[in-house]
Amino acid sequence: MGRGEATGAGASPFDDLGVAVGEGEPLAHHTWLGIGGPARWFCEPVDAAALSRIVRRCRERAIPLRVIGGGTNVLVPSAGFDGMVVRLSAPAFGAVAVERPGVVAGAGAKLVHVVSAAVQAGLGGLETLVGIPGTVGGALVGNAGGRGGDIGDRVAAVTVMLADGEVVERRGAELAFGSRWSNLDDVVVLGCRLDLDEEDPDLLTKRMQKRWIVDRAEQPAGVRSVAMMFKDPHGATAEALVAQAGGRDIRVGEAAVHSPRSNFVVAHPGCTSEDVRMVIEQARGRVRERVGVDLALQIESW
Ligand SMILES: Cc1cc2nc3c(=O)[nH]c(=O)nc-3n(C[C@H](O)[C@H](O)[C@H](O)COP(=O)(O)OP(=O)(O)OC[C@H]3O[C@@H](n4cnc5c(N)ncnc54)[C@H](O)[C@@H]3O)c2cc1C
């Protein structure tokens, strides 16, 4: 369906909601890879009430809705997304508050800000997540983490918005976190409460700084337009498997596997989403053929 077809020229299904909705926003502006086509509709609601009106309208009109967080883990095709994309950039969604023995964080907050707020307050348990880019929302949905643990280990409750715009809290047995996966498939994740441990702030700061240095060394240096391709399989790293399969030299158009950080794909200037997708497919295929491991995708294709 082409732009404007559904509603007629000048009208949008969101016009009467009192929420600023843009059309044709380039999602390349919101992804770490710096690529991706336009969102048919795009909005950054000021609060949960405005968000709820948008969510309800999308359901009434069967308009697909996606949330974009930091855009560090999404690959948007050049054709863009034919629906509504919401970004929780307003202050109402980004608050971080220490509530001992834990923190309460909005989904729009940067994960690194939550980690440093906890460390400063002498609350331990998140410091190993310091090097993970993106927002709290994205981290919860994908259970972000690494060798030191996952965010899901610390989640006490998650607030979500359902498709009818209602806000509910999920806790205990309603929550499941696995390997870079969660059962948070509600329309919008709004925030969470994380249970942490009282610890010495100086020790925590040292641990966090050490972790930061290790993470930096394990990520591609000097390039910004990167994405992590695969989840680490049990007992191995995707980086080692891609290297073992001879995948470090894969390049399609302006996208290439990063060397030596071979679980990352780099988008060079002029790169398209399709270049990136093909690099990922080729790397996955080579690992399957030469090492016999079927790697699961980390990055999510829209
Ligand atoms: C250099 C680099 C290093 C990385 N290192 C790690 C690492 O060590 N460990 C790790 O786990 N990951 C890592 N990642 C991947 C990525 O940073 C994480 O997956 C991150 O948690 C994604 O957060 P985001 O806010 O950018 O989410 P996005 O990429 O914006 O979105 C990811 C998914 O979450 C959904 N989503 C986001 N916010 C919400 C919300 N509020 N409500 C509902 N759905 C939402 C999106 O729709 C999308 O499906 C790395 C990525 C890069 C580029």
# chains A, B, ... in the order shown; residues from 1 in each chain; ligands from 1
>>> select_by_dssp(residues="region 58-96 of chain A", states="strand (DSSP E or B)", output="PyMOL selection string")
chain A and resi 65-68+74-75+81-87+96
>>> select_by_dssp(residues="region 71-183 of chain A", states="alpha helix (DSSP H)", output="MDAnalysis selection string")
chainID A and resid 111:120 136:141
>>> closest_atom_pairs(of="chain A", to="ligand 1", cutoff="8 Å", atoms="only C-alpha atoms and all ligand atoms", output="JSON lines")
{"residue": "A:Thr31", "atom": "CA", "partner": "ligand 1", "partner_atom_place_in_ligand_line": "29 (O)", "distance": 7.3}
{"residue": "A:Trp32", "atom": "CA", "partner": "ligand 1", "partner_atom_place_in_ligand_line": "53 (C)", "distance": 6.6}
{"residue": "A:Leu33", "atom": "CA", "partner": "ligand 1", "partner_atom_place_in_ligand_line": "53 (C)", "distance": 7.9}
{"residue": "A:Arg66", "atom": "CA", "partner": "ligand 1", "partner_atom_place_in_ligand_line": "47 (O)", "distance": 5.2}
{"residue": "A:Val67", "atom": "CA", "partner": "ligand 1", "partner_atom_place_in_ligand_line": "47 (O)", "distance": 4.3}
{"residue": "A:Ile68", "atom": "CA", "partner": "ligand 1", "partner_atom_place_in_ligand_line": "30 (O)", "distance": 4.1}
{"residue": "A:Gly69", "atom": "CA", "partner": "ligand 1", "partner_atom_place_in_ligand_line": "30 (O)", "distance": 3.2}
{"residue": "A:Gly70", "atom": "CA", "partner": "ligand 1", "partner_atom_place_in_ligand_line": "26 (O)", "distance": 3.4}
{"residue": "A:Gly71", "atom": "CA", "partner": "ligand 1", "partner_atom_place_in_ligand_line": "30 (O)", "distance": 3.4}
{"residue": "A:Thr72", "atom": "CA", "partner": "ligand 1", "partner_atom_place_in_ligand_line": "26 (O)", "distance": 3.7}
{"residue": "A:Asn73", "atom": "CA", "partner": "ligand 1", "partner_atom_place_in_ligand_line": "29 (O)", "distance": 3.4}
{"residue": "A:Val74", "atom": "CA", "partner": "ligand 1", "partner_atom_place_in_ligand_line": "29 (O)", "distance": 4.6}
{"residue": "A:Arg87", "atom": "CA", "partner": "ligand 1", "partner_atom_place_in_ligand_line": "41 (N)", "distance": 7.9}
{"residue": "A:Leu88", "atom": "CA", "partner": "ligand 1", "partner_atom_place_in_ligand_line": "41 (N)", "distance": 6.8}
{"residue": "A:Ala107", "atom": "CA", "partner": "ligand 1", "partner_atom_place_in_ligand_line": "41 (N)", "distance": 5.0}
{"residue": "A:Gly108", "atom": "CA", "partner": "ligand 1", "partner_atom_place_in_ligand_line": "41 (N)", "distance": 6.4}
{"residue": "A:Lys110", "atom": "CA", "partner": "ligand 1", "partner_atom_place_in_ligand_line": "25 (O)", "distance": 7.5}
{"residue": "A:Leu111", "atom": "CA", "partner": "ligand 1", "partner_atom_place_in_ligand_line": "21 (O)", "distance": 7.9}
{"residue": "A:Leu129", "atom": "CA", "partner": "ligand 1", "partner_atom_place_in_ligand_line": "8 (O)", "distance": 7.2}
{"residue": "A:Gly131", "atom": "CA", "partner": "ligand 1", "partner_atom_place_in_ligand_line": "8 (O)", "distance": 6.6}
{"residue": "A:Ile132", "atom": "CA", "partner": "ligand 1", "partner_atom_place_in_ligand_line": "5 (N)", "distance": 4.6}
{"residue": "A:Pro133", "atom": "CA", "partner": "ligand 1", "partner_atom_place_in_ligand_line": "17 (O)", "distance": 4.4}
{"residue": "A:Gly134", "atom": "CA", "partner": "ligand 1", "partner_atom_place_in_ligand_line": "26 (O)", "distance": 3.6}
{"residue": "A:Thr135", "atom": "CA", "partner": "ligand 1", "partner_atom_place_in_ligand_line": "25 (O)", "distance": 3.6}
{"residue": "A:Val136", "atom": "CA", "partner": "ligand 1", "partner_atom_place_in_ligand_line": "25 (O)", "distance": 6.3}
{"residue": "A:Gly137", "atom": "CA", "partner": "ligand 1", "partner_atom_place_in_ligand_line": "41 (N)", "distance": 3.8}
{"residue": "A:Gly138", "atom": "CA", "partner": "ligand 1", "partner_atom_place_in_ligand_line": "23 (O)", "distance": 3.5}
{"residue": "A:Ala139", "atom": "CA", "partner": "ligand 1", "partner_atom_place_in_ligand_line": "21 (O)", "distance": 3.4}
{"residue": "A:Leu140", "atom": "CA", "partner": "ligand 1", "partner_atom_place_in_ligand_line": "21 (O)", "distance": 7.0}
{"residue": "A:Val141", "atom": "CA", "partner": "ligand 1", "partner_atom_place_in_ligand_line": "34 (O)", "distance": 5.3}
{"residue": "A:Gly142", "atom": "CA", "partner": "ligand 1", "partner_atom_place_in_ligand_line": "19 (O)", "distance": 5.7}
{"residue": "A:Asn143", "atom": "CA", "partner": "ligand 1", "partner_atom_place_in_ligand_line": "11 (O)", "distance": 6.4}
{"residue": "A:Ala144", "atom": "CA", "partner": "ligand 1", "partner_atom_place_in_ligand_line": "11 (O)", "distance": 3.2}
{"residue": "A:Gly145", "atom": "CA", "partner": "ligand 1", "partner_atom_place_in_ligand_line": "11 (O)", "distance": 4.1}
{"residue": "A:Gly146", "atom": "CA", "partner": "ligand 1", "partner_atom_place_in_ligand_line": "9 (N)", "distance": 5.2}
{"residue": "A:Asp150", "atom": "CA", "partner": "ligand 1", "partner_atom_place_in_ligand_line": "11 (O)", "distance": 7.5}
{"residue": "A:Val160", "atom": "CA", "partner": "ligand 1", "partner_atom_place_in_ligand_line": "42 (N)", "distance": 7.7}
{"residue": "A:Arg180", "atom": "CA", "partner": "ligand 1", "partner_atom_place_in_ligand_line": "11 (O)", "distance": 6.0}
{"residue": "A:Leu184", "atom": "CA", "partner": "ligand 1", "partner_atom_place_in_ligand_line": "43 (C)", "distance": 7.6}
{"residue": "A:Asp185", "atom": "CA", "partner": "ligand 1", "partner_atom_place_in_ligand_line": "43 (C)", "distance": 7.3}
{"residue": "A:Asp186", "atom": "CA", "partner": "ligand 1", "partner_atom_place_in_ligand_line": "43 (C)", "distance": 6.9}
{"residue": "A:Val187", "atom": "CA", "partner": "ligand 1", "partner_atom_place_in_ligand_line": "43 (C)", "distance": 5.9}
{"residue": "A:Val188", "atom": "CA", "partner": "ligand 1", "partner_atom_place_in_ligand_line": "42 (N)", "distance": 3.8}
{"residue": "A:Val189", "atom": "CA", "partner": "ligand 1", "partner_atom_place_in_ligand_line": "42 (N)", "distance": 3.7}
{"residue": "A:Leu190", "atom": "CA", "partner": "ligand 1", "partner_atom_place_in_ligand_line": "41 (N)", "distance": 5.6}
{"residue": "A:Gly191", "atom": "CA", "partner": "ligand 1", "partner_atom_place_in_ligand_line": "41 (N)", "distance": 7.4}
{"residue": "A:Asp215", "atom": "CA", "partner": "ligand 1", "partner_atom_place_in_ligand_line": "8 (O)", "distance": 7.4}
{"residue": "A:Gln219", "atom": "CA", "partner": "ligand 1", "partner_atom_place_in_ligand_line": "1 (C)", "distance": 5.5}
{"residue": "A:Pro220", "atom": "CA", "partner": "ligand 1", "partner_atom_place_in_ligand_line": "1 (C)", "distance": 6.8}
{"residue": "A:Arg224", "atom": "CA", "partner": "ligand 1", "partner_atom_place_in_ligand_line": "1 (C)", "distance": 7.9}
{"residue": "A:Ser225", "atom": "CA", "partner": "ligand 1", "partner_atom_place_in_ligand_line": "53 (C)", "distance": 7.8}
{"residue": "A:Val226", "atom": "CA", "partner": "ligand 1", "partner_atom_place_in_ligand_line": "53 (C)", "distance": 5.3}
{"residue": "A:Ala227", "atom": "CA", "partner": "ligand 1", "partner_atom_place_in_ligand_line": "53 (C)", "distance": 4.2}
{"residue": "A:Met228", "atom": "CA", "partner": "ligand 1", "partner_atom_place_in_ligand_line": "51 (C)", "distance": 5.1}
{"residue": "A:Phe264", "atom": "CA", "partner": "ligand 1", "partner_atom_place_in_ligand_line": "1 (C)", "distance": 7.7}
{"residue": "A:Gln298", "atom": "CA", "partner": "ligand 1", "partner_atom_place_in_ligand_line": "15 (C)", "distance": 7.1}
{"residue": "A:Ile299", "atom": "CA", "partner": "ligand 1", "partner_atom_place_in_ligand_line": "15 (C)", "distance": 7.2}
{"residue": "A:Glu300", "atom": "CA", "partner": "ligand 1", "partner_atom_place_in_ligand_line": "49 (O)", "distance": 6.4}
{"residue": "A:Trp302", "atom": "CA", "partner": "ligand 1", "partner_atom_place_in_ligand_line": "49 (O)", "distance": 7.9}
>>> residues_around(residues="region 266-282 of chain A", least_positions_apart="6", cutoff="9 Å", atoms="only C-alpha atoms", output="PyMOL selection string")
chain A and resi 33-37+75-78+220+223-227+229-230+247+250-258+297+301
>>> write_last_selection(atoms="N, CA, C and O atoms", output="JSON list (two decimals), in the first residue's frame")
[["chain", "number", "residue", "atom", "x", "y", "z"],
["A", 33, "LEU", "N", 23.21, 1.31, 12.88],
["A", 33, "LEU", "CA", 23.83, 1.06, 11.58],
["A", 33, "LEU", "C", 23.72, 2.29, 10.67],
["A", 33, "LEU", "O", 24.44, 2.41, 9.69],
["A", 34, "GLY", "N", 22.78, 3.18, 11.00],
["A", 34, "GLY", "CA", 22.62, 4.39, 10.19],
["A", 34, "GLY", "C", 21.97, 4.11, 8.84],
["A", 34, "GLY", "O", 22.11, 4.89, 7.91],
["A", 35, "ILE", "N", 21.26, 2.98, 8.77],
["A", 35, "ILE", "CA", 20.58, 2.63, 7.51],
["A", 35, "ILE", "C", 19.15, 2.20, 7.82],
["A", 35, "ILE", "O", 18.82, 1.90, 8.96],
["A", 36, "GLY", "N", 18.36, 2.14, 6.76],
["A", 36, "GLY", "CA", 16.95, 1.74, 6.92],
["A", 36, "GLY", "C", 16.05, 2.80, 6.34],
["A", 36, "GLY", "O", 16.32, 4.00, 6.44],
["A", 37, "GLY", "N", 14.97, 2.35, 5.69],
["A", 37, "GLY", "CA", 14.04, 3.26, 5.02],
["A", 37, "GLY", "C", 13.10, 3.95, 6.00],
["A", 37, "GLY", "O", 13.30, 3.89, 7.22],
["A", 75, "LEU", "N", 17.61, -4.21, 12.14],
["A", 75, "LEU", "CA", 17.97, -4.00, 10.75],
["A", 75, "LEU", "C", 16.68, -3.66, 10.01],
["A", 75, "LEU", "O", 15.80, -4.52, 9.87],
["A", 76, "VAL", "N", 16.56, -2.41, 9.60],
["A", 76, "VAL", "CA", 15.34, -1.95, 8.91],
["A", 76, "VAL", "C", 15.59, -2.01, 7.41],
["A", 76, "VAL", "O", 16.59, -1.47, 6.93],
["A", 77, "PRO", "N", 14.72, -2.67, 6.64],
["A", 77, "PRO", "CA", 14.96, -2.74, 5.19],
["A", 77, "PRO", "C", 14.89, -1.36, 4.53],
["A", 77, "PRO", "O", 14.32, -0.43, 5.11],
["A", 78, "SER", "N", 15.43, -1.26, 3.32],
["A", 78, "SER", "CA", 15.42, 0.02, 2.61],
["A", 78, "SER", "C", 14.00, 0.49, 2.34],
["A", 78, "SER", "O", 13.74, 1.70, 2.23],
["A", 220, "PRO", "N", 34.06, -3.41, 18.10],
["A", 220, "PRO", "CA", 34.84, -2.78, 17.03],
["A", 220, "PRO", "C", 35.27, -1.37, 17.43],
["A", 220, "PRO", "O", 34.43, -0.59, 17.90],
["A", 223, "VAL", "N", 34.63, 2.60, 14.82],
["A", 223, "VAL", "CA", 33.51, 2.63, 13.87],
["A", 223, "VAL", "C", 32.21, 2.68, 14.65],
["A", 223, "VAL", "O", 32.05, 2.03, 15.65],
["A", 224, "ARG", "N", 31.25, 3.45, 14.14],
["A", 224, "ARG", "CA", 29.99, 3.61, 14.85],
["A", 224, "ARG", "C", 28.89, 2.74, 14.22],
["A", 224, "ARG", "O", 28.05, 2.21, 14.91],
["A", 225, "SER", "N", 28.93, 2.59, 12.91],
["A", 225, "SER", "CA", 27.83, 1.90, 12.23],
["A", 225, "SER", "C", 28.03, 0.40, 12.25],
["A", 225, "SER", "O", 28.45, -0.20, 11.26],
["A", 226, "VAL", "N", 27.74, -0.18, 13.41],
["A", 226, "VAL", "CA", 27.96, -1.62, 13.55],
["A", 226, "VAL", "C", 26.75, -2.28, 14.18],
["A", 226, "VAL", "O", 25.93, -1.62, 14.80],
["A", 227, "ALA", "N", 26.66, -3.58, 14.01],
["A", 227, "ALA", "CA", 25.62, -4.35, 14.69],
["A", 227, "ALA", "C", 26.17, -5.73, 14.99],
["A", 227, "ALA", "O", 27.00, -6.26, 14.25],
["A", 229, "MET", "N", 25.88, -9.58, 15.03],
["A", 229, "MET", "CA", 25.13, -10.46, 14.12],
["A", 229, "MET", "C", 24.44, -11.63, 14.82],
["A", 229, "MET", "O", 23.27, -11.89, 14.59],
["A", 230, "PHE", "N", 25.20, -12.37, 15.66],
["A", 230, "PHE", "CA", 24.67, -13.64, 16.18],
["A", 230, "PHE", "C", 24.73, -13.71, 17.70],
["A", 230, "PHE", "O", 25.56, -13.06, 18.33],
["A", 247, "GLY", "N", 35.12, -16.41, 7.91],
["A", 247, "GLY", "CA", 34.12, -15.39, 7.58],
["A", 247, "GLY", "C", 34.60, -13.95, 7.69],
["A", 247, "GLY", "O", 33.86, -13.03, 7.35],
["A", 250, "ILE", "N", 34.28, -11.56, 4.56],
["A", 250, "ILE", "CA", 33.01, -11.40, 3.83],
["A", 250, "ILE", "C", 32.68, -9.92, 3.68],
["A", 250, "ILE", "O", 32.70, -9.15, 4.65],
["A", 251, "ARG", "N", 32.37, -9.55, 2.45],
["A", 251, "ARG", "CA", 31.96, -8.17, 2.16],
["A", 251, "ARG", "C", 30.93, -8.21, 1.04],
["A", 251, "ARG", "O", 31.11, -8.92, 0.05],
["A", 252, "VAL", "N", 29.86, -7.47, 1.21],
["A", 252, "VAL", "CA", 28.85, -7.34, 0.15],
["A", 252, "VAL", "C", 28.56, -5.86, 0.01],
["A", 252, "VAL", "O", 28.12, -5.22, 0.97],
["A", 253, "GLY", "N", 28.80, -5.31, -1.17],
["A", 253, "GLY", "CA", 28.61, -3.87, -1.35],
["A", 253, "GLY", "C", 29.44, -3.12, -0.32],
["A", 253, "GLY", "O", 30.65, -3.35, -0.19],
["A", 254, "GLU", "N", 28.79, -2.29, 0.49],
["A", 254, "GLU", "CA", 29.51, -1.50, 1.50],
["A", 254, "GLU", "C", 29.36, -2.07, 2.92],
["A", 254, "GLU", "O", 29.65, -1.39, 3.89],
["A", 255, "ALA", "N", 28.89, -3.32, 3.01],
["A", 255, "ALA", "CA", 28.81, -3.96, 4.33],
["A", 255, "ALA", "C", 29.88, -5.04, 4.43],
["A", 255, "ALA", "O", 30.18, -5.70, 3.43],
["A", 256, "ALA", "N", 30.46, -5.18, 5.61],
["A", 256, "ALA", "CA", 31.52, -6.18, 5.77],
["A", 256, "ALA", "C", 31.54, -6.72, 7.19],
["A", 256, "ALA", "O", 31.16, -6.02, 8.13],
["A", 257, "VAL", "N", 32.00, -7.94, 7.30],
["A", 257, "VAL", "CA", 32.28, -8.49, 8.64],
["A", 257, "VAL", "C", 33.47, -7.70, 9.19],
["A", 257, "VAL", "O", 34.43, -7.42, 8.47],
["A", 258, "HIS", "N", 33.38, -7.35, 10.47],
["A", 258, "HIS", "CA", 34.49, -6.61, 11.08],
["A", 258, "HIS", "C", 35.62, -7.57, 11.43],
["A", 258, "HIS", "O", 35.39, -8.68, 11.90],
["A", 297, "LEU", "N", 20.28, -15.66, 15.07],
["A", 297, "LEU", "CA", 20.50, -14.22, 14.86],
["A", 297, "LEU", "C", 20.32, -13.44, 16.15],
["A", 297, "LEU", "O", 19.39, -13.68, 16.91],
["A", 301, "SER", "N", 15.55, -8.39, 12.26],
["A", 301, "SER", "CA", 15.18, -7.80, 10.96],
["A", 301, "SER", "C", 13.73, -7.36, 10.98],
["A", 301, "SER", "O", 12.87, -8.15, 11.32]]
>>> atom_distance(atom1="CA of Ala296 (chain A)", atom2="CA of His30 (chain A)")
24.2 Å
>>> residues_around(residues="region 96-104 of chain A", least_positions_apart="4", cutoff="6 Å", atoms="only C-alpha atoms", output="short mmCIF file (atom, residue, chain, number, x, y, z; two decimals) with all heavy atoms, in the first residue's frame")
data_model
loop_
_atom_site.label_atom_id
_atom_site.label_comp_id
_atom_site.auth_asym_id
_atom_site.auth_seq_id
_atom_site.Cartn_x
_atom_site.Cartn_y
_atom_site.Cartn_z
N CYS A 192 10.73 -0.89 34.36
CA CYS A 192 10.93 -2.06 35.21
C CYS A 192 11.43 -1.67 36.58
O CYS A 192 11.88 -0.54 36.81
CB CYS A 192 11.95 -3.00 34.57
SG CYS A 192 13.59 -2.31 34.46
N ARG A 193 11.33 -2.64 37.49
CA ARG A 193 11.96 -2.51 38.80
C ARG A 193 13.00 -3.62 38.87
O ARG A 193 12.72 -4.78 38.56
CB ARG A 193 10.93 -2.66 39.91
CG ARG A 193 11.45 -2.26 41.27
CD ARG A 193 10.31 -1.91 42.22
NE ARG A 193 9.31 -2.95 42.28
CZ ARG A 193 9.48 -4.11 42.93
NH1 ARG A 193 10.61 -4.36 43.56
NH2 ARG A 193 8.52 -5.01 42.94
N LEU A 194 14.24 -3.22 39.21
CA LEU A 194 15.34 -4.18 39.27
C LEU A 194 15.76 -4.35 40.73
O LEU A 194 15.95 -3.33 41.43
CB LEU A 194 16.52 -3.67 38.43
CG LEU A 194 16.19 -3.39 36.95
CD1 LEU A 194 17.30 -2.57 36.29
CD2 LEU A 194 16.00 -4.70 36.19
N ASP A 195 15.89 -5.57 41.18
CA ASP A 195 16.34 -5.86 42.55
C ASP A 195 17.86 -5.99 42.56
O ASP A 195 18.41 -6.81 41.81
CB ASP A 195 15.72 -7.17 43.05
CG ASP A 195 14.36 -6.93 43.68
OD1 ASP A 195 14.01 -5.76 43.91
OD2 ASP A 195 13.65 -7.93 43.91
N LEU A 196 18.53 -5.22 43.43
CA LEU A 196 20.00 -5.20 43.41
C LEU A 196 20.54 -5.48 44.81
O LEU A 196 19.78 -5.63 45.77
CB LEU A 196 20.48 -3.85 42.87
CG LEU A 196 19.95 -3.53 41.45
CD1 LEU A 196 20.29 -2.11 41.04
CD2 LEU A 196 20.53 -4.52 40.43
#
>>> residues_around(residues="Gly125 (chain A)", least_positions_apart="5", cutoff="9 Å", atoms="only C-alpha atoms", output="MDAnalysis selection string")
chainID A and resid 115 118:119 149 151 153:154 195:197
>>> closest_residue(among="A:Pro64, A:Gly246, A:Gly83, A:Gly178", to="Ala163 (chain A)", atoms="only C-alpha atoms")
A:Pro64
>>> closest_residue(among="A:Gln244, A:Thr128, A:Asn183, A:Thr159", to="Arg211 (chain A)", atoms="only C-alpha atoms")
A:Thr128
>>> residues_around(residues="Pro91 (chain A)", least_positions_apart="5", cutoff="9 Å", atoms="only C-alpha atoms", output="PyMOL selection string")
chain A and resi 46-47+108-109
